[in-house]
$ cat upload36.txt   # compact mmCIF, C-alpha atoms
# COMPACT_ATOMS: atom_id res chain seq x y z
CA MET A 22 -28.17 -60.35 -37.16
CA LEU A 23 -26.00 -57.30 -36.58
CA GLN A 24 -28.22 -54.54 -35.22
CA ASP A 25 -27.30 -51.12 -36.62
CA ASN A 26 -29.00 -47.94 -37.75
CA ARG A 27 -25.79 -46.36 -39.03
CA GLU A 28 -24.64 -46.24 -42.64
CA HIS A 29 -20.94 -46.93 -42.05
CA PRO A 30 -19.51 -50.46 -41.93
CA ILE A 31 -17.37 -51.28 -38.90
CA ASP A 32 -14.40 -52.45 -40.93
CA ASP A 33 -14.16 -49.38 -43.19
CA GLN A 34 -12.99 -46.58 -40.91
CA SER A 35 -9.52 -45.98 -42.37
CA SER A 36 -10.33 -42.63 -44.03
CA SER A 37 -12.65 -41.27 -41.38
CA THR A 38 -12.60 -40.17 -37.77
CA LEU A 39 -15.70 -42.35 -37.26
CA ILE A 40 -15.23 -45.21 -34.82
CA ASP A 41 -17.86 -47.92 -34.50
CA PHE A 42 -17.39 -51.20 -32.69
CA ILE A 43 -19.55 -54.22 -31.94
CA TYR A 44 -20.86 -55.63 -28.70
CA LEU A 45 -21.10 -59.42 -28.52
CA SER A 46 -23.26 -60.94 -25.79
CA GLU A 47 -22.75 -64.55 -24.75
CA PRO A 48 -25.45 -65.77 -27.20
CA ASP A 49 -23.76 -63.68 -29.91
CA MET A 50 -20.42 -65.30 -29.08
CA ILE A 51 -21.98 -68.74 -29.46
CA ARG A 52 -23.45 -67.79 -32.83
CA ALA A 53 -20.00 -66.53 -33.88
CA GLY A 54 -18.39 -69.90 -33.10
CA VAL A 55 -16.77 -69.46 -29.69
CA THR A 56 -17.65 -73.06 -28.75
CA ASN A 57 -16.03 -74.61 -31.83
CA MET A 58 -13.35 -76.52 -29.92
CA ALA A 59 -11.60 -78.06 -32.92
CA ALA A 60 -11.12 -74.60 -34.44
CA CYS A 61 -10.01 -73.22 -31.08
CA VAL A 62 -7.34 -75.91 -30.72
CA ASP A 63 -6.04 -75.08 -34.20
CA THR A 64 -6.01 -71.36 -33.31
CA MET A 65 -4.11 -72.00 -30.09
CA GLU A 66 -1.57 -74.08 -32.01
CA GLU A 67 -1.06 -71.19 -34.43
CA MET A 68 -0.70 -68.84 -31.46
CA PHE A 69 2.03 -71.02 -29.91
CA GLY A 70 4.06 -70.79 -33.11
CA LEU A 71 3.90 -66.99 -32.96
CA LEU A 72 4.69 -67.08 -29.25
CA TYR A 73 7.82 -69.16 -29.77
CA HIS A 74 9.08 -66.86 -32.54
CA GLY A 75 8.40 -63.75 -30.42
CA ASP A 76 5.61 -62.14 -32.46
CA TYR A 77 3.61 -61.14 -29.37
CA ARG A 78 3.68 -58.91 -26.30
CA MET A 79 2.12 -59.24 -22.87
CA ALA A 80 2.32 -56.88 -19.91
CA GLY A 81 5.34 -55.97 -17.81
CA ALA A 82 8.93 -55.05 -18.55
CA ASN A 83 9.54 -58.71 -19.41
CA ASN A 84 6.62 -58.75 -21.90
CA ASN A 85 5.43 -62.01 -20.35
CA SER A 86 3.35 -60.96 -17.36
CA HIS A 87 0.11 -62.85 -16.79
CA GLY A 88 -1.56 -59.56 -15.92
CA SER A 89 -2.22 -57.11 -13.12
CA VAL A 90 -4.34 -58.07 -10.13
CA VAL A 91 -5.99 -56.07 -7.36
CA ILE A 92 -5.04 -57.63 -4.01
CA PHE A 93 -7.28 -57.04 -1.00
CA PRO A 94 -5.97 -56.90 2.59
CA GLU A 95 -6.69 -59.57 5.19
CA THR A 96 -8.25 -56.89 7.42
CA SER A 97 -9.48 -53.42 6.56
CA PRO A 98 -11.01 -50.46 8.47
CA PHE A 99 -13.45 -50.08 5.57
CA PRO A 100 -16.46 -52.34 6.21
CA TYR A 101 -17.41 -52.83 2.55
CA MET A 102 -13.95 -53.55 1.15
CA PRO A 103 -13.80 -57.14 -0.17
CA THR A 104 -11.70 -59.65 1.76
CA PRO A 105 -9.22 -62.05 0.10
CA THR A 106 -11.41 -65.16 0.14
CA PRO A 107 -10.59 -67.98 -2.34
CA ASP A 108 -10.72 -66.81 -5.96
CA ARG A 109 -11.53 -63.24 -4.93
CA ARG A 110 -9.79 -60.95 -7.41
CA PHE A 111 -10.07 -58.25 -10.01
CA MET A 112 -7.58 -58.67 -12.81
CA ALA A 113 -6.60 -57.12 -16.16
CA MET A 114 -4.82 -59.28 -18.75
CA PRO A 115 -3.57 -57.32 -21.82
CA ALA A 116 -1.66 -58.62 -24.84
CA TYR A 117 -0.76 -58.11 -28.48
CA LEU A 118 -0.50 -60.94 -31.03
CA GLY A 119 1.01 -60.68 -34.50
CA GLY A 120 0.87 -63.04 -37.46
CA ARG A 121 -2.50 -62.96 -39.19
CA PHE A 122 -4.10 -61.63 -36.00
CA ARG A 123 -2.33 -58.25 -35.62
CA THR A 124 -4.65 -57.18 -32.82
CA ALA A 125 -4.39 -56.19 -29.18
CA GLY A 126 -6.84 -56.86 -26.41
CA MET A 127 -7.50 -57.15 -22.72
CA LYS A 128 -9.54 -59.51 -20.60
CA TRP A 129 -10.94 -57.96 -17.45
CA TYR A 130 -12.58 -59.96 -14.75
CA GLY A 131 -13.85 -60.15 -11.25
CA SER A 132 -13.89 -63.45 -9.42
CA ASN A 133 -15.42 -64.73 -6.20
CA ILE A 134 -15.98 -68.38 -5.39
CA GLU A 135 -19.10 -67.37 -3.41
CA ASN A 136 -20.75 -66.42 -6.71
CA ARG A 137 -21.77 -70.05 -7.07
CA GLN A 138 -24.18 -69.65 -4.16
CA LYS A 139 -25.94 -67.00 -6.27
CA GLY A 140 -26.14 -69.17 -9.39
CA LEU A 141 -23.34 -67.22 -11.05
CA PRO A 142 -19.99 -68.40 -12.43
CA ARG A 143 -17.02 -68.04 -10.10
CA SER A 144 -15.49 -65.55 -12.57
CA ILE A 145 -17.35 -62.99 -14.69
CA LEU A 146 -15.27 -61.90 -17.65
CA MET A 147 -15.30 -59.29 -20.40
CA PHE A 148 -12.87 -58.82 -23.28
CA ILE A 149 -12.11 -55.78 -25.40
CA LEU A 150 -10.39 -56.21 -28.77
CA ASN A 151 -8.51 -53.28 -30.30
CA ASP A 152 -6.98 -52.28 -33.59
CA ALA A 153 -3.25 -52.58 -32.92
CA ASP A 154 -2.44 -49.52 -35.04
CA THR A 155 -4.89 -46.84 -33.87
CA GLY A 156 -5.90 -48.44 -30.57
CA ALA A 157 -9.57 -48.07 -31.56
CA PRO A 158 -11.97 -50.65 -30.12
CA LEU A 159 -13.15 -53.32 -32.53
CA ALA A 160 -15.35 -55.29 -30.15
CA VAL A 161 -16.45 -55.62 -26.54
CA MET A 162 -17.26 -59.24 -25.81
CA SER A 163 -18.76 -61.45 -23.16
CA ALA A 164 -15.71 -63.53 -22.32
CA ASN A 165 -16.64 -66.44 -20.04
CA LEU A 166 -16.92 -68.83 -22.98
CA LEU A 167 -14.00 -67.20 -24.79
CA SER A 168 -11.77 -67.80 -21.76
CA ALA A 169 -13.10 -71.28 -21.02
CA TYR A 170 -12.58 -72.56 -24.55
CA ARG A 171 -9.13 -71.11 -25.04
CA THR A 172 -8.14 -72.53 -21.62
CA GLY A 173 -9.33 -75.99 -22.60
CA ALA A 174 -7.83 -75.77 -26.08
CA VAL A 175 -4.28 -75.39 -24.74
CA PRO A 176 -4.35 -78.87 -23.13
CA GLY A 177 -5.69 -80.02 -26.50
CA VAL A 178 -2.61 -78.62 -28.24
CA GLY A 179 -0.48 -80.36 -25.63
CA ALA A 180 -2.29 -83.65 -26.18
CA ARG A 181 -1.92 -83.37 -29.95
CA HIS A 182 1.87 -83.32 -29.57
CA LEU A 183 2.48 -85.10 -26.26
CA ALA A 184 -0.25 -87.70 -25.65
CA ARG A 185 -0.18 -91.20 -27.08
CA LYS A 186 -2.29 -91.28 -30.23
CA ASP A 187 -4.17 -94.33 -28.94
CA SER A 188 -5.09 -92.70 -25.62
CA ARG A 189 -8.40 -94.01 -24.33
CA VAL A 190 -8.66 -93.21 -20.61
CA VAL A 191 -8.81 -89.68 -19.16
CA GLY A 192 -8.59 -89.05 -15.41
CA ILE A 193 -10.09 -85.77 -14.21
CA LEU A 194 -9.90 -84.04 -10.84
CA GLY A 195 -12.53 -81.32 -10.55
CA PRO A 196 -15.66 -81.69 -12.76
CA GLY A 197 -16.18 -78.01 -13.57
CA VAL A 198 -16.03 -75.79 -16.63
CA MET A 199 -12.28 -76.30 -17.15
CA ALA A 200 -12.78 -80.07 -17.10
CA LYS A 201 -15.50 -79.84 -19.75
CA THR A 202 -13.45 -77.75 -22.16
CA SER A 203 -10.25 -79.72 -21.54
CA LEU A 204 -12.05 -83.01 -22.18
CA SER A 205 -13.62 -81.58 -25.34
CA ALA A 206 -10.15 -80.60 -26.56
CA PHE A 207 -8.70 -84.03 -25.73
CA MET A 208 -11.51 -85.62 -27.73
CA ALA A 209 -10.76 -83.34 -30.69
CA VAL A 210 -7.17 -84.62 -30.94
CA CYS A 211 -7.42 -88.14 -29.45
CA PRO A 212 -10.68 -89.52 -30.88
CA GLN A 213 -10.21 -93.02 -29.42
CA ILE A 214 -10.95 -91.75 -25.88
CA ASP A 215 -13.90 -93.73 -24.53
CA THR A 216 -13.40 -93.78 -20.75
CA VAL A 217 -13.40 -91.00 -18.14
CA LYS A 218 -12.61 -91.30 -14.43
CA VAL A 219 -13.62 -88.25 -12.42
CA LYS A 220 -13.35 -87.09 -8.82
CA GLY A 221 -15.35 -84.17 -7.49
CA ARG A 222 -16.22 -82.64 -4.14
CA GLY A 223 -19.99 -82.58 -4.38
CA LYS A 224 -22.77 -84.66 -5.90
CA LYS A 225 -24.35 -81.68 -7.67
CA ASN A 226 -21.24 -80.85 -9.71
CA LEU A 227 -20.55 -84.49 -10.44
CA ASP A 228 -24.09 -85.12 -11.64
CA ALA A 229 -23.98 -82.04 -13.86
CA PHE A 230 -20.68 -83.19 -15.35
CA LEU A 231 -21.94 -86.71 -15.99
CA ASN A 232 -25.07 -85.35 -17.66
CA TRP A 233 -22.95 -83.06 -19.81
CA ILE A 234 -20.79 -85.96 -20.97
CA SER A 235 -23.82 -88.08 -21.90
CA GLU A 236 -25.38 -85.21 -23.85
CA THR A 237 -22.22 -83.81 -25.47
CA LEU A 238 -19.73 -86.66 -25.88
CA PRO A 239 -21.72 -89.87 -26.55
CA GLN A 240 -18.57 -91.63 -27.76
CA ILE A 241 -17.47 -91.77 -24.10
CA THR A 242 -19.14 -95.02 -23.11
CA ASN A 243 -17.55 -95.61 -19.71
CA VAL A 244 -17.66 -92.98 -16.96
CA VAL A 245 -16.45 -93.87 -13.47
CA VAL A 246 -16.73 -91.67 -10.37
CA VAL A 247 -13.70 -92.28 -8.14
CA ASP A 248 -12.96 -91.30 -4.55
CA SER A 249 -9.27 -90.39 -4.56
CA VAL A 250 -6.63 -88.50 -6.51
CA GLU A 251 -4.72 -91.76 -6.77
CA GLU A 252 -7.61 -93.37 -8.64
CA VAL A 253 -7.78 -90.38 -10.98
CA VAL A 254 -4.11 -90.86 -11.88
CA ARG A 255 -3.65 -94.63 -11.91
CA ASP A 256 -4.09 -96.38 -15.29
CA SER A 257 -5.02 -93.13 -17.07
CA ASP A 258 -3.53 -92.22 -20.46
CA ILE A 259 -4.25 -88.51 -19.91
CA VAL A 260 -4.63 -86.89 -16.49
CA THR A 261 -5.84 -83.37 -15.84
CA PHE A 262 -6.34 -81.46 -12.58
CA CYS A 263 -9.08 -78.84 -13.06
CA ASN A 264 -9.87 -78.21 -9.41
CA SER A 265 -10.17 -74.93 -7.56
CA GLY A 266 -9.24 -74.13 -3.99
CA ALA A 267 -7.34 -71.92 -1.58
CA THR A 268 -3.72 -71.03 -2.26
CA GLY A 269 -1.02 -70.41 0.33
CA ASP A 270 -0.03 -73.88 1.51
CA PRO A 271 1.25 -76.18 -1.29
CA SER A 272 0.98 -79.18 1.04
CA THR A 273 -2.80 -78.87 0.63
CA TYR A 274 -2.67 -78.84 -3.18
CA PRO A 275 -3.56 -82.19 -4.79
CA MET A 276 -0.43 -84.30 -5.21
CA VAL A 277 0.80 -86.47 -8.06
CA LYS A 278 2.92 -89.38 -6.81
CA ARG A 279 5.33 -91.09 -9.16
CA GLU A 280 4.18 -94.56 -8.11
CA TRP A 281 0.68 -93.80 -9.41
CA VAL A 282 1.73 -92.77 -12.92
CA SER A 283 1.76 -95.40 -15.67
CA PRO A 284 4.30 -95.37 -18.52
CA GLY A 285 3.11 -93.19 -21.39
CA THR A 286 0.89 -90.89 -19.34
CA LEU A 287 0.42 -87.21 -20.20
CA LEU A 288 -0.45 -85.06 -17.18
CA SER A 289 -2.03 -81.77 -18.26
CA MET A 290 -2.17 -79.45 -15.25
CA PRO A 291 -4.02 -76.10 -15.53
CA ALA A 292 -4.95 -75.83 -11.84
CA LEU A 293 -3.70 -76.32 -8.28
CA SER A 294 -1.25 -79.20 -8.15
CA ASN A 295 1.92 -80.49 -6.55
CA ILE A 296 4.35 -83.34 -7.20
CA ASP A 297 6.31 -85.74 -5.02
CA THR A 298 10.08 -86.21 -5.24
CA GLY A 299 9.71 -89.09 -7.69
CA MET A 300 8.06 -86.75 -10.21
CA GLU A 301 11.02 -84.38 -9.92
CA SER A 302 13.23 -86.92 -11.69
CA PRO A 303 14.85 -85.82 -14.98
CA GLU A 304 13.30 -88.84 -16.69
CA ILE A 305 9.89 -87.15 -16.32
CA ARG A 306 9.55 -84.63 -19.16
CA LYS A 307 8.42 -81.23 -17.92
CA VAL A 308 6.76 -78.92 -20.46
CA LEU A 309 5.67 -75.30 -19.91
CA ASP A 310 3.15 -73.50 -22.08
CA ASN A 311 5.48 -70.47 -22.05
CA PRO A 312 8.72 -70.43 -20.02
CA GLY A 313 8.73 -66.63 -20.04
CA LEU A 314 5.39 -66.56 -18.22
CA TYR A 315 6.81 -68.61 -15.35
CA GLU A 316 9.97 -66.51 -15.21
CA ALA A 317 7.79 -63.39 -14.98
CA TRP A 318 5.68 -64.92 -12.22
CA TYR A 319 8.85 -65.85 -10.39
CA GLU A 320 10.21 -62.31 -10.65
CA GLU A 321 6.98 -60.67 -9.55
CA ASN A 322 5.97 -62.72 -6.50
CA PRO A 323 7.30 -63.53 -3.01
CA LYS A 324 9.28 -66.73 -2.67
CA PRO A 325 8.48 -69.60 -2.66
CA VAL A 326 6.15 -68.61 -5.47
CA HIS A 327 4.17 -71.86 -5.41
CA ASN A 328 2.51 -70.51 -2.26
CA SER A 329 0.69 -67.88 -4.30
CA ILE A 330 0.76 -69.27 -7.87
CA PRO A 331 -0.43 -72.87 -7.47
CA VAL A 332 0.32 -74.30 -10.94
CA VAL A 333 2.93 -77.04 -11.14
CA GLY A 334 5.23 -75.08 -13.46
CA ILE A 335 5.89 -72.66 -10.61
CA ARG A 336 6.77 -75.62 -8.40
CA PHE A 337 9.43 -76.42 -11.00
CA MET A 338 10.78 -72.85 -10.68
CA ASP A 339 10.96 -73.15 -6.89
CA LEU A 340 12.76 -76.49 -7.22
CA ILE A 341 15.31 -74.91 -9.56
CA ALA A 342 15.91 -72.13 -7.00
CA GLU A 343 16.40 -74.79 -4.32
CA GLY A 344 18.97 -76.59 -6.48
CA ARG A 345 16.79 -79.69 -6.78
CA MET A 346 16.15 -79.31 -10.52
CA SER A 347 18.07 -77.78 -13.40
CA HIS A 348 16.57 -75.23 -15.75
CA ASP A 349 17.44 -77.33 -18.79
CA GLN A 350 14.88 -79.90 -17.63
CA LEU A 351 12.11 -77.47 -18.66
CA GLU A 352 10.75 -77.65 -22.20
CA ASP A 353 8.78 -75.11 -24.23
CA LEU A 354 5.47 -76.18 -25.78
CA GLY A 355 5.87 -73.43 -28.38
CA LYS A 356 9.19 -74.89 -29.51
CA ILE A 357 7.56 -78.30 -29.84
CA VAL A 358 4.62 -76.86 -31.81
CA ALA A 359 7.06 -74.98 -34.06
CA GLY A 360 8.73 -78.28 -34.91
CA GLU A 361 12.05 -77.27 -33.37
CA ALA A 362 11.85 -79.74 -30.48
CA PRO A 363 10.39 -83.26 -30.37
CA GLY A 364 6.89 -84.02 -29.20
CA ARG A 365 6.25 -87.45 -27.71
CA ARG A 366 9.26 -89.62 -28.51
CA ASP A 367 7.95 -93.03 -27.49
CA ASP A 368 4.93 -94.72 -25.95
CA ASP A 369 6.47 -95.04 -22.48
CA GLU A 370 7.71 -91.58 -21.59
CA ILE A 371 5.82 -89.69 -18.89
CA ILE A 372 5.17 -86.02 -19.62
CA ILE A 373 3.79 -83.39 -17.26
CA MET A 374 2.63 -80.13 -18.84
CA SER A 375 1.93 -76.98 -16.85
CA VAL A 376 -0.80 -74.71 -18.21
CA GLY A 377 -0.66 -71.18 -16.82
CA GLY A 378 -3.03 -69.37 -19.17
CA MET A 379 -2.04 -66.26 -21.11
CA PRO A 380 -3.83 -63.18 -22.45
CA VAL A 381 -2.40 -63.81 -25.94
CA GLU A 382 -4.74 -66.81 -26.03
CA ASP A 383 -7.74 -64.53 -25.47
CA VAL A 384 -6.50 -62.20 -28.20
CA ALA A 385 -6.07 -65.09 -30.65
CA TRP A 386 -9.47 -66.70 -30.12
CA GLY A 387 -11.20 -63.35 -29.59
CA THR A 388 -9.90 -62.13 -32.95
CA VAL A 389 -11.16 -65.25 -34.75
CA VAL A 390 -14.59 -65.00 -33.11
CA TYR A 391 -14.80 -61.25 -33.82
CA ARG A 392 -14.02 -61.77 -37.50
CA ASN A 393 -16.59 -64.55 -37.67
CA ALA A 394 -19.15 -62.20 -36.11
CA VAL A 395 -18.44 -59.46 -38.65
CA GLN A 396 -18.68 -61.91 -41.53
CA GLU A 397 -21.93 -63.42 -40.22
CA GLY A 398 -23.50 -60.11 -39.19
CA VAL A 399 -23.68 -61.06 -35.52
CA GLY A 400 -23.71 -58.55 -32.66
CA VAL A 401 -24.82 -55.01 -31.93
CA LYS A 402 -23.00 -52.14 -33.59
CA LEU A 403 -22.20 -49.27 -31.23
CA ASN A 404 -20.74 -45.86 -31.93
CA LEU A 405 -17.80 -44.36 -30.04
CA TRP A 406 -17.89 -41.11 -32.01
CA ASP A 407 -18.25 -39.67 -35.49
CA VAL A 408 -15.70 -36.96 -34.71
CA PRO A 409 -13.90 -36.89 -31.34
CA ALA A 410 -14.71 -33.86 -29.17
CA LEU A 411 -11.05 -33.51 -28.13
CA ARG A 412 -8.15 -33.97 -30.54
$ encode --input "upload36.txt" --output "structure tokens"
Amino acid sequence: MLQDNREHPIDDQSSSTLIDFIYLSEPDMIRAGVTNMAACVDTMEEMFGLLYHGDYRMAGANNNSHGSVVIFPETSPFPYMPTPTPDRRFMAMPAYLGGRFRTAGMKWYGSNIENRQKGLPRSILMFILNDADTGAPLAVMSANLLSAYRTGAVPGVGARHLARKDSRVVGILGPGVMAKTSLSAFMAVCPQIDTVKVKGRGKKNLDAFLNWISETLPQITNVVVVDSVEEVVRDSDIVTFCNSGATGDPSTYPMVKREWVSPGTLLSMPALSNIDTGMESPEIRKVLDNPGLYEAWYEENPKPVHNSIPVVGIRFMDLIAEGRMSHDQLEDLGKIVAGEAPGRRDDDEIIIMSVGGMPVEDVAWGTVVYRNAVQEGVGVKLNLWDVPALR
């Protein structure tokens, strides 16, 4: 229950200088529905409609920036300054979303792959949700689950529109958190899935993933551990790469080869990935979760950008710059969701979808979870001030 000794409700501050907000711990977030994947997929679909029609803002002059990241030097005279090891970053991701949301927010996180040796997640995230009119805080939230579920829900939206409805086999590279939420989202929109092929780097992660499937998704009756990326891709209806690793050299990113991909496959790619020349062909549909995001990344980073931003959509942008692809080959998931472009057109077309991740997704799902928490009386009410000391 919401813990509070104050008399004033959080949502009735319009005629007062009083500002209260709520703090939601991870258990509070669970009680408020953050792990409801079906609802999260529906929320992300609604968000994509607003995105396509322009009722949103993200950072940067282009309004499409992924966020702002602190970059550490390779060497430093300061002995305690962090070094740029894989997944070492501090990042702020702000956004505004309109429609029924009409809120702003920012996800802030630190990340270090060495956290896993301490029993911690690679990334530790917090989210603050604000009233878009006054800028007052509405909630401060634990955001690891918020981020994980909205990340997985986007591939679910893609699968709803782009996967074959009778999809049964999912191939997964990287059995981590992103794989769990992506698979949950695929199951929400393609309920005939009964087989998973998975490749991982270590037995511990694989065993944890297999146990999670047996406990969470009992309708998956066939789980196969495979040894190669090729086996992940071959004969799969849906393929997703959810791996982590070092950036800098795209030749080390896991590759999708055209000869491995069966007719009708959807490749949902939210992590490090690359493609061979066969996958560059115009006959392979190439869908971006937000073209403006990739254009912003391309503007903001040294070329070739795939060296530093390892998602496959940025590989498309580099190929366009090299004259090996045309920009009109790229499709917008938001336009498809809005019904202004076709989803899957037939059972044989191959579609590859790049998932970059956007702060508007955090705002959308964070707003829904916050409103659930207020309605259910979940969280701890905190006071910013009754009357501000400086005005």
$ residues_around --input "upload36.txt" --residues "segment 204-214 of chain A" --least-positions-apart "5" --cutoff "7 Å" --atoms "all atoms listed in the file" --output "compact mmCIF listing (two decimals) with C-alpha atoms, keeping the file's coordinate frame"
# COMPACT_ATOMS: atom_id res chain seq x y z
CA MET A 58 -13.35 -76.52 -29.92
CA ALA A 59 -11.60 -78.06 -32.92
CA VAL A 62 -7.34 -75.91 -30.72
CA GLY A 173 -9.33 -75.99 -22.60
CA ALA A 174 -7.83 -75.77 -26.08
CA PRO A 176 -4.35 -78.87 -23.13
CA GLY A 177 -5.69 -80.02 -26.50
CA ALA A 180 -2.29 -83.65 -26.18
CA ARG A 181 -1.92 -83.37 -29.95
CA LYS A 186 -2.29 -91.28 -30.23
CA ASP A 187 -4.17 -94.33 -28.94
CA SER A 188 -5.09 -92.70 -25.62
CA ARG A 189 -8.40 -94.01 -24.33
CA VAL A 190 -8.66 -93.21 -20.61
CA ILE A 241 -17.47 -91.77 -24.10
$ closest_residue --input "upload36.txt" --among "A:Asp353, A:Thr237, A:Asp369, A:Ile305" --to "Pro284 of chain A" --atoms "only C-alpha atoms"
A:Asp369
$ closest_residue --input "upload36.txt" --among "A:Lys201, A:Glu47, A:Tyr274, A:Asn84" --to "Ile145 of chain A" --atoms "only C-alpha atoms"
A:Glu47
$ closest_residue --input "upload36.txt" --among "A:Asn226, A:Asn311, A:Asn328, A:Ser375" --to "Met79 of chain A" --atoms "only C-alpha atoms"
A:Asn311
$ residues_near_point --input "upload36.txt" --point "(-2.0, -92.4, -5.6)" --cutoff "6 Å" --atoms "all atoms listed in the file" --output "list in words"
Glu251, Lys278 and Trp281 of chain A
$ residues_around --input "upload36.txt" --residues "segment 377-392 of chain A" --least-positions-apart "6" --cutoff "8 Å" --atoms "all atoms listed in the file" --output "JSON, numbers by chain"
{"A": [50, 53, 54, 55, 61, 64, 65, 68, 77, 78, 79, 87, 88, 114, 115, 116, 117, 118, 122, 124, 125, 126, 127, 128, 148, 150, 160, 167, 168, 171, 172, 291, 310, 314, 332, 334]}
$ write_last_selection --input "upload36.txt" --atoms "C-alpha atoms" --output "PDB file, in the frame of the given file"
ATOM      1  CA  MET A  50     -20.420 -65.300 -29.080  1.00  0.00           C
ATOM      2  CA  ALA A  53     -20.000 -66.530 -33.880  1.00  0.00           C
ATOM      3  CA  GLY A  54     -18.390 -69.900 -33.100  1.00  0.00           C
ATOM      4  CA  VAL A  55     -16.770 -69.460 -29.690  1.00  0.00           C
ATOM      5  CA  CYS A  61     -10.010 -73.220 -31.080  1.00  0.00           C
ATOM      6  CA  THR A  64      -6.010 -71.360 -33.310  1.00  0.00           C
ATOM      7  CA  MET A  65      -4.110 -72.000 -30.090  1.00  0.00           C
ATOM      8  CA  MET A  68      -0.700 -68.840 -31.460  1.00  0.00           C
ATOM      9  CA  TYR A  77       3.610 -61.140 -29.370  1.00  0.00           C
ATOM     10  CA  ARG A  78       3.680 -58.910 -26.300  1.00  0.00           C
ATOM     11  CA  MET A  79       2.120 -59.240 -22.870  1.00  0.00           C
ATOM     12  CA  HIS A  87       0.110 -62.850 -16.790  1.00  0.00           C
ATOM     13  CA  GLY A  88      -1.560 -59.560 -15.920  1.00  0.00           C
ATOM     14  CA  MET A 114      -4.820 -59.280 -18.750  1.00  0.00           C
ATOM     15  CA  PRO A 115      -3.570 -57.320 -21.820  1.00  0.00           C
ATOM     16  CA  ALA A 116      -1.660 -58.620 -24.840  1.00  0.00           C
ATOM     17  CA  TYR A 117      -0.760 -58.110 -28.480  1.00  0.00           C
ATOM     18  CA  LEU A 118      -0.500 -60.940 -31.030  1.00  0.00           C
ATOM     19  CA  PHE A 122      -4.100 -61.630 -36.000  1.00  0.00           C
ATOM     20  CA  THR A 124      -4.650 -57.180 -32.820  1.00  0.00           C
ATOM     21  CA  ALA A 125      -4.390 -56.190 -29.180  1.00  0.00           C
ATOM     22  CA  GLY A 126      -6.840 -56.860 -26.410  1.00  0.00           C
ATOM     23  CA  MET A 127      -7.500 -57.150 -22.720  1.00  0.00           C
ATOM     24  CA  LYS A 128      -9.540 -59.510 -20.600  1.00  0.00           C
ATOM     25  CA  PHE A 148     -12.870 -58.820 -23.280  1.00  0.00           C
ATOM     26  CA  LEU A 150     -10.390 -56.210 -28.770  1.00  0.00           C
ATOM     27  CA  ALA A 160     -15.350 -55.290 -30.150  1.00  0.00           C
ATOM     28  CA  LEU A 167     -14.000 -67.200 -24.790  1.00  0.00           C
ATOM     29  CA  SER A 168     -11.770 -67.800 -21.760  1.00  0.00           C
ATOM     30  CA  ARG A 171      -9.130 -71.110 -25.040  1.00  0.00           C
ATOM     31  CA  THR A 172      -8.140 -72.530 -21.620  1.00  0.00           C
ATOM     32  CA  PRO A 291      -4.020 -76.100 -15.530  1.00  0.00           C
ATOM     33  CA  ASP A 310       3.150 -73.500 -22.080  1.00  0.00           C
ATOM     34  CA  LEU A 314       5.390 -66.560 -18.220  1.00  0.00           C
ATOM     35  CA  VAL A 332       0.320 -74.300 -10.940  1.00  0.00           C
ATOM     36  CA  GLY A 334       5.230 -75.080 -13.460  1.00  0.00           C
TER      37      GLY A 334
END
$ closest_residue --input "upload36.txt" --among "A:Thr56, A:Ser272, A:Thr96, A:Asn151" --to "Asp41 of chain A" --atoms "all atoms listed in the file"
A:Asn151
$ atom_distance --input "upload36.txt" --atom1 "atom CA of Pro363 of chain A" --atom2 "atom CA of Val376 of chain A"
18.6 Å
$ atom_distance --input "upload36.txt" --atom1 "atom CA of Gly131 of chain A" --atom2 "atom CA of Val260 of chain A"
28.8 Å
$ closest_residue --input "upload36.txt" --among "A:Glu135, A:Asp407, A:Asp63, A:Glu316" --to "Ile40 of chain A" --atoms "only C-alpha atoms"
A:Asp407
$ atom_distance --input "upload36.txt" --atom1 "atom CA of Ile259 of chain A" --atom2 "atom CA of Val217 of chain A"
9.6 Å
$ decode --input "upload36.txt" --residues "segment 56-77 of chain A" --atoms "C-alpha atoms" --output "PDB file, in the first residue's frame"
ATOM      1  CA  THR A  56       5.811  -7.313 -15.988  1.00  0.00           C
ATOM      2  CA  ASN A  57       2.466  -7.478 -17.812  1.00  0.00           C
ATOM      3  CA  MET A  58       3.946  -8.148 -21.249  1.00  0.00           C
ATOM      4  CA  ALA A  59       0.676  -8.258 -23.183  1.00  0.00           C
ATOM      5  CA  ALA A  60      -0.239  -4.799 -21.862  1.00  0.00           C
ATOM      6  CA  CYS A  61       3.275  -3.544 -22.560  1.00  0.00           C
ATOM      7  CA  VAL A  62       3.089  -4.689 -26.194  1.00  0.00           C
ATOM      8  CA  ASP A  63      -0.229  -2.872 -26.592  1.00  0.00           C
ATOM      9  CA  THR A  64       1.282   0.263 -25.006  1.00  0.00           C
ATOM     10  CA  MET A  65       4.295   0.154 -27.319  1.00  0.00           C
ATOM     11  CA  GLU A  66       1.978  -0.208 -30.313  1.00  0.00           C
ATOM     12  CA  GLU A  67       0.077   2.889 -29.186  1.00  0.00           C
ATOM     13  CA  MET A  68       3.388   4.697 -28.739  1.00  0.00           C
ATOM     14  CA  PHE A  69       4.466   3.859 -32.302  1.00  0.00           C
ATOM     15  CA  GLY A  70       1.304   5.456 -33.658  1.00  0.00           C
ATOM     16  CA  LEU A  71       2.106   8.679 -31.791  1.00  0.00           C
ATOM     17  CA  LEU A  72       5.720   8.450 -32.918  1.00  0.00           C
ATOM     18  CA  TYR A  73       4.764   8.177 -36.580  1.00  0.00           C
ATOM     19  CA  HIS A  74       2.394  11.159 -36.348  1.00  0.00           C
ATOM     20  CA  GLY A  75       5.039  13.264 -34.546  1.00  0.00           C
ATOM     21  CA  ASP A  76       3.384  13.640 -31.129  1.00  0.00           C
ATOM     22  CA  TYR A  77       6.649  13.143 -29.234  1.00  0.00           C
TER      23      TYR A  77
END
